[in-house]
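Inspection log for the structure reproduced underneath, given as structure tokens.
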Amino acid sequence: MDGGIDDLLREQAPQVLGALVRRYGHFDAAEDAVQDALLAAAVQWPDDGVPDNPRAWLITVASRRLTDQLRSESARRRREESAAALTPSDAQFTAPPADEQPPDTDDTLTLLFMCCHPALSAPSQVSLTLRAVGGLTTTQIARAFMVPETTMGQRISRAKQSIKTAGARFDLPPEEDRADRLRAVLHVLYLIFNEGYTATSGADLQRVELAAEAIRLTRQVHRLLPHDGEVTGLLALMLLTDARRPARTGPDGSLVPLAEQDRGRWDKAAIDEGVVLVTGALRHGELGPYQVQAAIAAVHDEAPASEDTDWPQIVALYEVLERLSPNPMVTLNHAVAVAMADGPRAGLALLETLAGDSRLAEHHRLEAVRAHLLEMAGDDDAARAAYRLAAQRTTSLPEQRYLEDKAARLTPPK
């Protein structure tokens, strides 16, 4: 399909879904109808041309699909009442006219709040967000997360059923709940980006389409909430991190660590945009974890070479981040920064504070960091053992090959 049409459909998807949910009040059925309309557009528009009013076209087609479904459901006694209840009496089984102008309301944020409803688990929130707001098909989402299509389909269906059971309304949450729900939305977008930037399993280090989708959706949220510091911080963090993507892998797909990357291949435009965003966010409003993470990324990205990195500043920023959002991954990264600023033994001492943390007990990154710091300290035997253990624990093939190679290089010749 034409790239311009694909981008247009993704942009329109949440608006069309919002229009249907507002009219019919049934997220599950409306979402299926919108997917049908998007598919119809993908087939017809390349040959027939894009309509003058793409959103109205999509709303008309999706409404017809939905009313056809309701008409079929109404024939079955067990669904008669629900079918009647979800359709306004003056619009029952009537598709909107083709020239109906959609409302100017942007429903993206409302949809994101609905997809991140607290009744859903994090994996369900991620899957439903990509389907309903991102406009990705179940097949695309299943491929991205390397699960069978049937499994992903069941996950999305259960998520939509949970939203229905919870009685979720297509409205922004009450003011008193909005901050917590926005944090959930940002966390879901952060999870999507992280899975795209460093895939947790499989043969590829990165899943570019997922990272790009996370950035696209976060841009939409930022457009709706331009003065929210954490929204701005998250967008900056994604841009500053994704800017390094071209240099993260070698020609054979192998992992290239940050210190060894060709910084001339980094995306300077993305870095410049990210720096402007995070600088503005830090000057105004309440400080938050995404802003601090973005500031750390900016320090890395603005260093002309690895040896020019301002590690004391990064250590100070991690100290702030640990106060704002204490968690073992922050401590892990903090330990690396301390090692670079004050020596490997100082970093290893901080790493020991995680020894009893069950959340990292089986995570490969703990052993990978330990191995790196032991290698810096000259303890090759212990480093080799830690690299091998980390390689056993990761499910990412590029990371596994990288860790095994590091262990092999520390193995003394026979």
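Following the order of the structure tokens, chains are lettered A, B, ..., residues in each are numbered from 1, and ligands are numbered from 1.
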Practice task
Can you pull out every residue within 6 Å of stretch 149-157 of chain A, counting only C-alpha atoms, but drop anything in the same chain fewer than 6 positions away, and send it as a PyMOL selection string?
Solution key: chain A and resi 128+139+142
Check which residues of stretch 237-305 of chain A sit at most 10 Å from stretch 204-217 of chain A using only C-alpha atoms, and return one row each with the closest pair of atoms and their distance in Å to one decimal, ordered by chain and rising number, as CSV.
residue,atom,partner,partner_atom,distance
A:Leu237,CA,A:Ile215,CA,9.8
A:Met238,CA,A:Ile215,CA,6.5
A:Leu239,CA,A:Ile215,CA,7.5
A:Asp242,CA,A:Ala211,CA,7.7
A:Arg245,CA,A:Gln206,CA,8.4
A:Arg248,CA,A:Leu205,CA,8.7
A:Thr249,CA,A:Leu205,CA,7.8
A:Gly253,CA,A:Asp204,CA,7.1
A:Ser254,CA,A:Leu205,CA,7.9
A:Leu255,CA,A:Leu205,CA,7.2
Problem - Near-A:Ala349 list (12 Å; only C-alpha atoms; drop same-chain fewer than 5 positions) as a VMD selection string - result: chain A and resid 331 to 332 334 to 336 338 to 339 342 to 344 354 to 355 370 373 to 374
Selection file, N, CA, C and O atoms, as a CSV table (one decimal), in the first residue's frame:
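That gives us selection.csv:
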chain,number,residue,atom,x,y,z
A,331,THR,N,18.8,1.8,39.5
A,331,THR,CA,20.0,1.6,40.2
A,331,THR,C,21.1,0.9,39.4
A,331,THR,O,22.3,1.2,39.5
A,332,LEU,N,20.7,0.0,38.5
A,332,LEU,CA,21.6,-0.7,37.6
A,332,LEU,C,22.3,0.3,36.7
A,332,LEU,O,23.6,0.3,36.6
A,334,HIS,N,22.6,3.5,37.2
A,334,HIS,CA,23.3,4.4,38.1
A,334,HIS,C,24.7,3.8,38.4
A,334,HIS,O,25.7,4.5,38.5
A,335,ALA,N,24.7,2.5,38.7
A,335,ALA,CA,26.0,1.8,39.0
A,335,ALA,C,27.0,1.9,37.8
A,335,ALA,O,28.2,2.1,38.0
A,336,VAL,N,26.5,1.8,36.6
A,336,VAL,CA,27.4,2.0,35.4
A,336,VAL,C,27.9,3.4,35.4
A,336,VAL,O,29.2,3.6,35.2
A,338,VAL,N,28.3,5.5,37.9
A,338,VAL,CA,29.3,5.6,39.0
A,338,VAL,C,30.6,5.0,38.7
A,338,VAL,O,31.7,5.5,39.0
A,339,ALA,N,30.6,3.8,38.0
A,339,ALA,CA,31.8,3.1,37.6
A,339,ALA,C,32.6,4.0,36.7
A,339,ALA,O,33.8,4.1,36.7
A,342,ASP,N,33.7,7.2,38.9
A,342,ASP,CA,34.6,7.0,40.1
A,342,ASP,C,35.3,5.6,40.1
A,342,ASP,O,36.0,5.3,41.1
A,343,GLY,N,35.2,4.9,39.1
A,343,GLY,CA,36.0,3.6,39.0
A,343,GLY,C,35.0,2.4,39.2
A,343,GLY,O,34.0,2.5,39.8
A,344,PRO,N,35.5,1.2,38.6
A,344,PRO,CA,34.6,0.1,38.6
A,344,PRO,C,34.2,-0.5,40.0
A,344,PRO,O,33.1,-1.0,40.2
A,354,LEU,N,21.7,-4.5,45.0
A,354,LEU,CA,20.6,-5.2,44.2
A,354,LEU,C,20.6,-6.7,44.4
A,354,LEU,O,19.8,-7.4,43.8
A,355,ALA,N,21.6,-7.2,45.2
A,355,ALA,CA,21.8,-8.6,45.3
A,355,ALA,C,20.6,-9.4,45.7
A,355,ALA,O,20.3,-10.4,45.3
A,370,ARG,N,27.3,-6.5,35.7
A,370,ARG,CA,28.3,-7.0,36.7
A,370,ARG,C,29.5,-7.4,35.9
A,370,ARG,O,30.7,-7.1,36.2
A,373,LEU,N,31.5,-4.4,34.6
A,373,LEU,CA,32.3,-3.7,35.6
A,373,LEU,C,33.5,-4.5,36.1
A,373,LEU,O,34.5,-4.0,36.4
A,374,LEU,N,33.3,-5.9,36.2
A,374,LEU,CA,34.4,-6.8,36.6
A,374,LEU,C,35.5,-6.7,35.5
A,374,LEU,O,36.7,-6.8,35.9
Handout entry: Every residue of stretch 276-373 of chain A that DSSP places in alpha helix (DSSP H), as a PyMOL selection string
Key = chain A and resi 276-283+289-302+311-324+328-342+344-351+364-373
Practice task
Tell me which protein, DNA and RNA residues are within 12 Å of stretch 57-62 of chain A, counting only C-alpha atoms, leaving out same-chain ones fewer than 4 positions away, and put them as a VMD selection string.
Solution key: chain A and resid 8 to 24 29 to 42 44 to 45 50 to 53 66 to 69 94 to 103
Could those selected residues go to a file with C-alpha atoms, as a PDB file, in the first residue's frame?
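Listing of again-v8.pdb after writing:
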ATOM      1  CA  LEU A   8      -3.313   8.839   6.546  1.00  0.00           C
ATOM      2  CA  LEU A   9      -5.230   5.768   7.695  1.00  0.00           C
ATOM      3  CA  ARG A  10      -3.210   5.530  10.890  1.00  0.00           C
ATOM      4  CA  GLU A  11      -3.844   9.200  11.573  1.00  0.00           C
ATOM      5  CA  GLN A  12      -7.577   8.857  10.969  1.00  0.00           C
ATOM      6  CA  ALA A  13      -8.093   5.564  12.832  1.00  0.00           C
ATOM      7  CA  PRO A  14      -8.591   6.976  16.350  1.00  0.00           C
ATOM      8  CA  GLN A  15     -10.775   9.811  15.034  1.00  0.00           C
ATOM      9  CA  VAL A  16     -13.088   7.404  13.209  1.00  0.00           C
ATOM     10  CA  LEU A  17     -13.233   5.041  16.166  1.00  0.00           C
ATOM     11  CA  GLY A  18     -13.995   7.944  18.481  1.00  0.00           C
ATOM     12  CA  ALA A  19     -16.868   9.102  16.273  1.00  0.00           C
ATOM     13  CA  LEU A  20     -18.412   5.615  16.283  1.00  0.00           C
ATOM     14  CA  VAL A  21     -17.965   5.034  20.001  1.00  0.00           C
ATOM     15  CA  ARG A  22     -19.505   8.418  20.767  1.00  0.00           C
ATOM     16  CA  ARG A  23     -22.491   7.603  18.551  1.00  0.00           C
ATOM     17  CA  TYR A  24     -23.049   3.939  19.416  1.00  0.00           C
ATOM     18  CA  ALA A  29     -18.200  -3.604  17.944  1.00  0.00           C
ATOM     19  CA  ALA A  30     -17.102  -0.136  16.837  1.00  0.00           C
ATOM     20  CA  GLU A  31     -13.424  -1.095  16.850  1.00  0.00           C
ATOM     21  CA  ASP A  32     -14.084  -4.120  14.626  1.00  0.00           C
ATOM     22  CA  ALA A  33     -16.102  -1.953  12.237  1.00  0.00           C
ATOM     23  CA  VAL A  34     -13.300   0.599  12.004  1.00  0.00           C
ATOM     24  CA  GLN A  35     -10.798  -2.131  11.167  1.00  0.00           C
ATOM     25  CA  ASP A  36     -13.107  -3.241   8.343  1.00  0.00           C
ATOM     26  CA  ALA A  37     -13.319   0.337   7.070  1.00  0.00           C
ATOM     27  CA  LEU A  38      -9.529   0.756   7.173  1.00  0.00           C
ATOM     28  CA  LEU A  39      -9.130  -2.463   5.202  1.00  0.00           C
ATOM     29  CA  ALA A  40     -11.686  -1.296   2.632  1.00  0.00           C
ATOM     30  CA  ALA A  41      -9.816   1.994   2.241  1.00  0.00           C
ATOM     31  CA  ALA A  42      -6.486   0.214   1.868  1.00  0.00           C
ATOM     32  CA  GLN A  44      -9.964   0.937  -2.749  1.00  0.00           C
ATOM     33  CA  TRP A  45      -8.072   4.187  -2.332  1.00  0.00           C
ATOM     34  CA  VAL A  50      -8.295   9.344  -1.693  1.00  0.00           C
ATOM     35  CA  PRO A  51     -11.739  10.905  -1.034  1.00  0.00           C
ATOM     36  CA  ASP A  52     -12.021  14.654  -0.495  1.00  0.00           C
ATOM     37  CA  ASN A  53     -13.045  13.957   3.109  1.00  0.00           C
ATOM     38  CA  LEU A  66     -21.505  -1.615  12.496  1.00  0.00           C
ATOM     39  CA  THR A  67     -25.207  -1.225  11.752  1.00  0.00           C
ATOM     40  CA  ASP A  68     -25.120  -4.375   9.635  1.00  0.00           C
ATOM     41  CA  GLN A  69     -23.618  -6.183  12.587  1.00  0.00           C
ATOM     42  CA  THR A  94     -29.130   4.187   9.811  1.00  0.00           C
ATOM     43  CA  ALA A  95     -25.724   4.965   8.360  1.00  0.00           C
ATOM     44  CA  PRO A  96     -24.687   8.613   8.430  1.00  0.00           C
ATOM     45  CA  PRO A  97     -24.855  10.460   5.106  1.00  0.00           C
ATOM     46  CA  ALA A  98     -21.709  10.352   3.027  1.00  0.00           C
ATOM     47  CA  ASP A  99     -21.186  14.103   3.327  1.00  0.00           C
ATOM     48  CA  GLU A 100     -21.517  14.213   7.124  1.00  0.00           C
ATOM     49  CA  GLN A 101     -18.765  16.333   8.599  1.00  0.00           C
ATOM     50  CA  PRO A 102     -17.052  14.704  11.568  1.00  0.00           C
ATOM     51  CA  PRO A 103     -16.713  16.707  14.783  1.00  0.00           C
TER      52      PRO A 103
END
Problem - Near-A:Leu240 list (8 Å; only C-alpha atoms; drop same-chain fewer than 3 positions) as a list in words - result: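 My list of contacting residues is Ala236, Leu237, Ala243, Arg244, Ala270, Ile271, Gly274, Val275, Ala294, Ala297, Ala298 and Asp301 of chain A.
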Same residues, N, CA, C and O atoms, output as an mmCIF file, in the first residue's frame:
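Heads up, here's the output in result.cif:
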data_model
loop_
_atom_site.group_PDB
_atom_site.id
_atom_site.type_symbol
_atom_site.label_atom_id
_atom_site.label_comp_id
_atom_site.auth_asym_id
_atom_site.auth_seq_id
_atom_site.Cartn_x
_atom_site.Cartn_y
_atom_site.Cartn_z
ATOM 1 N N ALA A 236 10.820 13.572 24.254
ATOM 2 C CA ALA A 236 12.251 13.892 24.136
ATOM 3 C C ALA A 236 13.101 12.647 24.362
ATOM 4 O O ALA A 236 14.076 12.404 23.625
ATOM 5 N N LEU A 237 12.761 11.865 25.373
ATOM 6 C CA LEU A 237 13.514 10.640 25.670
ATOM 7 C C LEU A 237 13.504 9.695 24.475
ATOM 8 O O LEU A 237 14.542 9.135 24.097
ATOM 9 N N ALA A 243 17.548 8.304 18.190
ATOM 10 C CA ALA A 243 18.536 8.944 17.317
ATOM 11 C C ALA A 243 19.771 8.067 17.135
ATOM 12 O O ALA A 243 20.469 8.159 16.119
ATOM 13 N N ARG A 244 20.063 7.201 18.090
ATOM 14 C CA ARG A 244 21.262 6.351 18.012
ATOM 15 C C ARG A 244 21.023 5.068 17.221
ATOM 16 O O ARG A 244 21.952 4.300 16.972
ATOM 17 N N ALA A 270 16.943 14.560 15.139
ATOM 18 C CA ALA A 270 16.200 14.018 16.277
ATOM 19 C C ALA A 270 16.830 14.462 17.591
ATOM 20 O O ALA A 270 16.127 14.775 18.564
ATOM 21 N N ILE A 271 18.163 14.497 17.627
ATOM 22 C CA ILE A 271 18.854 14.947 18.841
ATOM 23 C C ILE A 271 18.533 16.406 19.123
ATOM 24 O O ILE A 271 18.208 16.782 20.258
ATOM 25 N N GLY A 274 15.012 16.694 20.395
ATOM 26 C CA GLY A 274 14.905 16.168 21.749
ATOM 27 C C GLY A 274 15.502 17.099 22.783
ATOM 28 O O GLY A 274 14.936 17.301 23.867
ATOM 29 N N VAL A 275 16.646 17.686 22.466
ATOM 30 C CA VAL A 275 17.298 18.612 23.399
ATOM 31 C C VAL A 275 16.421 19.845 23.637
ATOM 32 O O VAL A 275 16.264 20.306 24.778
ATOM 33 N N ALA A 294 15.317 11.802 29.962
ATOM 34 C CA ALA A 294 15.628 12.515 28.721
ATOM 35 C C ALA A 294 16.877 13.373 28.889
ATOM 36 O O ALA A 294 17.701 13.476 27.970
ATOM 37 N N ALA A 297 19.816 11.132 28.564
ATOM 38 C CA ALA A 297 20.027 10.792 27.149
ATOM 39 C C ALA A 297 20.658 11.960 26.403
ATOM 40 O O ALA A 297 21.514 11.765 25.527
ATOM 41 N N ALA A 298 20.257 13.178 26.752
ATOM 42 C CA ALA A 298 20.815 14.360 26.084
ATOM 43 C C ALA A 298 22.298 14.517 26.389
ATOM 44 O O ALA A 298 23.084 14.890 25.503
ATOM 45 N N ASP A 301 24.044 12.115 24.162
ATOM 46 C CA ASP A 301 23.963 12.456 22.740
ATOM 47 C C ASP A 301 24.779 13.689 22.376
ATOM 48 O O ASP A 301 25.227 13.829 21.229
#
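Between atom CA of A:Gln291 and atom CA of A:His363 the interatomic distance comes to 25.8 Å.
Distances here use only C-alpha atoms; by that measure, the residue among A:Leu172, A:Gly356, A:Leu182, A:Pro251 closest to A:Asp228 is A:Leu182.
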Cut-off 9 Å: closest stretch 100-167 of chain A/stretch 191-203 of chain A atom pairs per residue, using only C-alpha atoms, as a Markdown table:
| residue | atom | partner | partner_atom | distance |
| --- | --- | --- | --- | --- |
| A:Ala122 | CA | A:Leu191 | CA | 8.9 |
| A:Val126 | CA | A:Ile192 | CA | 6.8 |
| A:Leu130 | CA | A:Ile192 | CA | 8.7 |
| A:Ala144 | CA | A:Gly196 | CA | 8.4 |
| A:Phe145 | CA | A:Glu195 | CA | 8.3 |
| A:Met146 | CA | A:Gly202 | CA | 7.7 |
Please list as a compact mmCIF listing (two decimals) with N, CA, C and O atoms, in the first residue's frame every residue within 12 Å of A:Leu360, counting only C-alpha atoms and excluding residues in the same chain fewer than 2 positions away.
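So around03.txt came out as:
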# COMPACT_ATOMS: atom_id res chain seq x y z
N ASN A 327 13.75 2.29 41.41
CA ASN A 327 13.51 0.93 40.94
C ASN A 327 14.84 0.32 40.56
O ASN A 327 15.83 1.03 40.34
N PRO A 328 14.93 -1.01 40.48
CA PRO A 328 16.24 -1.66 40.28
C PRO A 328 16.91 -1.32 38.97
O PRO A 328 18.14 -1.29 38.90
N MET A 329 16.15 -1.06 37.91
CA MET A 329 16.77 -0.73 36.64
C MET A 329 17.48 0.62 36.71
O MET A 329 18.53 0.83 36.11
N VAL A 330 16.89 1.55 37.46
CA VAL A 330 17.54 2.84 37.65
C VAL A 330 18.86 2.66 38.41
O VAL A 330 19.90 3.22 38.04
N THR A 331 18.82 1.84 39.46
CA THR A 331 20.04 1.58 40.23
C THR A 331 21.10 0.91 39.37
O THR A 331 22.29 1.21 39.48
N LEU A 332 20.66 0.01 38.50
CA LEU A 332 21.59 -0.68 37.61
C LEU A 332 22.33 0.31 36.71
O LEU A 332 23.56 0.27 36.59
N LEU A 351 26.20 -1.91 42.87
CA LEU A 351 25.50 -3.06 42.30
C LEU A 351 25.14 -4.08 43.37
O LEU A 351 24.11 -4.77 43.27
N GLU A 352 25.96 -4.18 44.40
CA GLU A 352 25.69 -5.16 45.46
C GLU A 352 24.39 -4.86 46.21
O GLU A 352 23.81 -5.76 46.82
N THR A 353 23.94 -3.63 46.16
CA THR A 353 22.68 -3.30 46.84
C THR A 353 21.48 -3.96 46.16
O THR A 353 20.39 -4.01 46.73
N LEU A 354 21.70 -4.50 44.96
CA LEU A 354 20.61 -5.17 44.23
C LEU A 354 20.65 -6.68 44.41
O LEU A 354 19.81 -7.39 43.84
N ALA A 355 21.61 -7.17 45.16
CA ALA A 355 21.81 -8.62 45.27
C ALA A 355 20.55 -9.35 45.72
O ALA A 355 20.26 -10.45 45.25
N GLY A 356 19.80 -8.77 46.64
CA GLY A 356 18.62 -9.46 47.15
C GLY A 356 17.31 -9.03 46.52
O GLY A 356 16.24 -9.40 47.01
N ASP A 357 17.37 -8.27 45.43
CA ASP A 357 16.15 -7.78 44.80
C ASP A 357 15.58 -8.85 43.87
O ASP A 357 16.17 -9.18 42.84
N SER A 358 14.44 -9.41 44.24
CA SER A 358 13.84 -10.51 43.47
C SER A 358 13.45 -10.09 42.07
O SER A 358 13.36 -10.93 41.16
N GLU A 362 16.59 -13.03 38.06
CA GLU A 362 16.84 -13.81 36.85
C GLU A 362 17.02 -12.94 35.61
O GLU A 362 17.00 -13.45 34.48
N HIS A 363 17.17 -11.64 35.79
CA HIS A 363 17.28 -10.75 34.63
C HIS A 363 18.71 -10.72 34.12
O HIS A 363 19.66 -10.56 34.90
N HIS A 364 18.87 -10.85 32.82
CA HIS A 364 20.21 -10.92 32.25
C HIS A 364 21.00 -9.63 32.42
O HIS A 364 22.23 -9.65 32.48
N ARG A 365 20.31 -8.48 32.52
CA ARG A 365 21.03 -7.21 32.57
C ARG A 365 21.86 -7.07 33.85
O ARG A 365 22.91 -6.42 33.84
N LEU A 366 21.39 -7.66 34.95
CA LEU A 366 22.16 -7.56 36.19
C LEU A 366 23.53 -8.21 36.00
O LEU A 366 24.56 -7.63 36.34
N GLU A 367 23.55 -9.41 35.45
CA GLU A 367 24.83 -10.10 35.24
C GLU A 367 25.65 -9.45 34.13
O GLU A 367 26.88 -9.44 34.17
N ALA A 368 24.97 -8.90 33.12
CA ALA A 368 25.70 -8.23 32.04
C ALA A 368 26.44 -7.00 32.57
O ALA A 368 27.60 -6.75 32.21
N VAL A 369 25.77 -6.22 33.40
CA VAL A 369 26.42 -5.04 33.99
C VAL A 369 27.54 -5.47 34.93
O VAL A 369 28.64 -4.89 34.92
N ALA A 390 24.81 -14.19 31.88
CA ALA A 390 23.92 -13.22 31.24
C ALA A 390 23.46 -13.74 29.88
O ALA A 390 22.29 -13.60 29.51
N ARG A 393 20.67 -16.17 30.13
CA ARG A 393 19.40 -15.63 30.60
C ARG A 393 18.66 -14.79 29.57
O ARG A 393 17.44 -14.67 29.64
Exercise for the section: Work out how far apart atom CA of A:Ala385 and atom CA of A:Ala407 are and give it in Å to one decimal. Expected result: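 Straight-line distance from atom CA of A:Ala385 to atom CA of A:Ala407 works out to 7.4 Å.
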Handout entry: Residue nearest A:Glu230 - candidates A:Gln392, A:Gln261, A:Gln140, A:Gln293, atoms counted: only C-alpha atoms
Key =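 Under the stated criterion, the closest residue is A:Gln293.
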Exercise for the section: Name the residues in contact with stretch 282-290 of chain A at a cut-off of 8 Å, using only C-alpha atoms, excluding same-chain residues fewer than 6 positions from it; report them as a count of residues only. Expected result: 10
Problem - Given only C-alpha atoms as the counted atoms, nearest of A:Val292, A:Leu397, A:Ala391, A:Leu348 to A:Arg323 - result: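 Closest to A:Arg323, using only C-alpha atoms: A:Val292.
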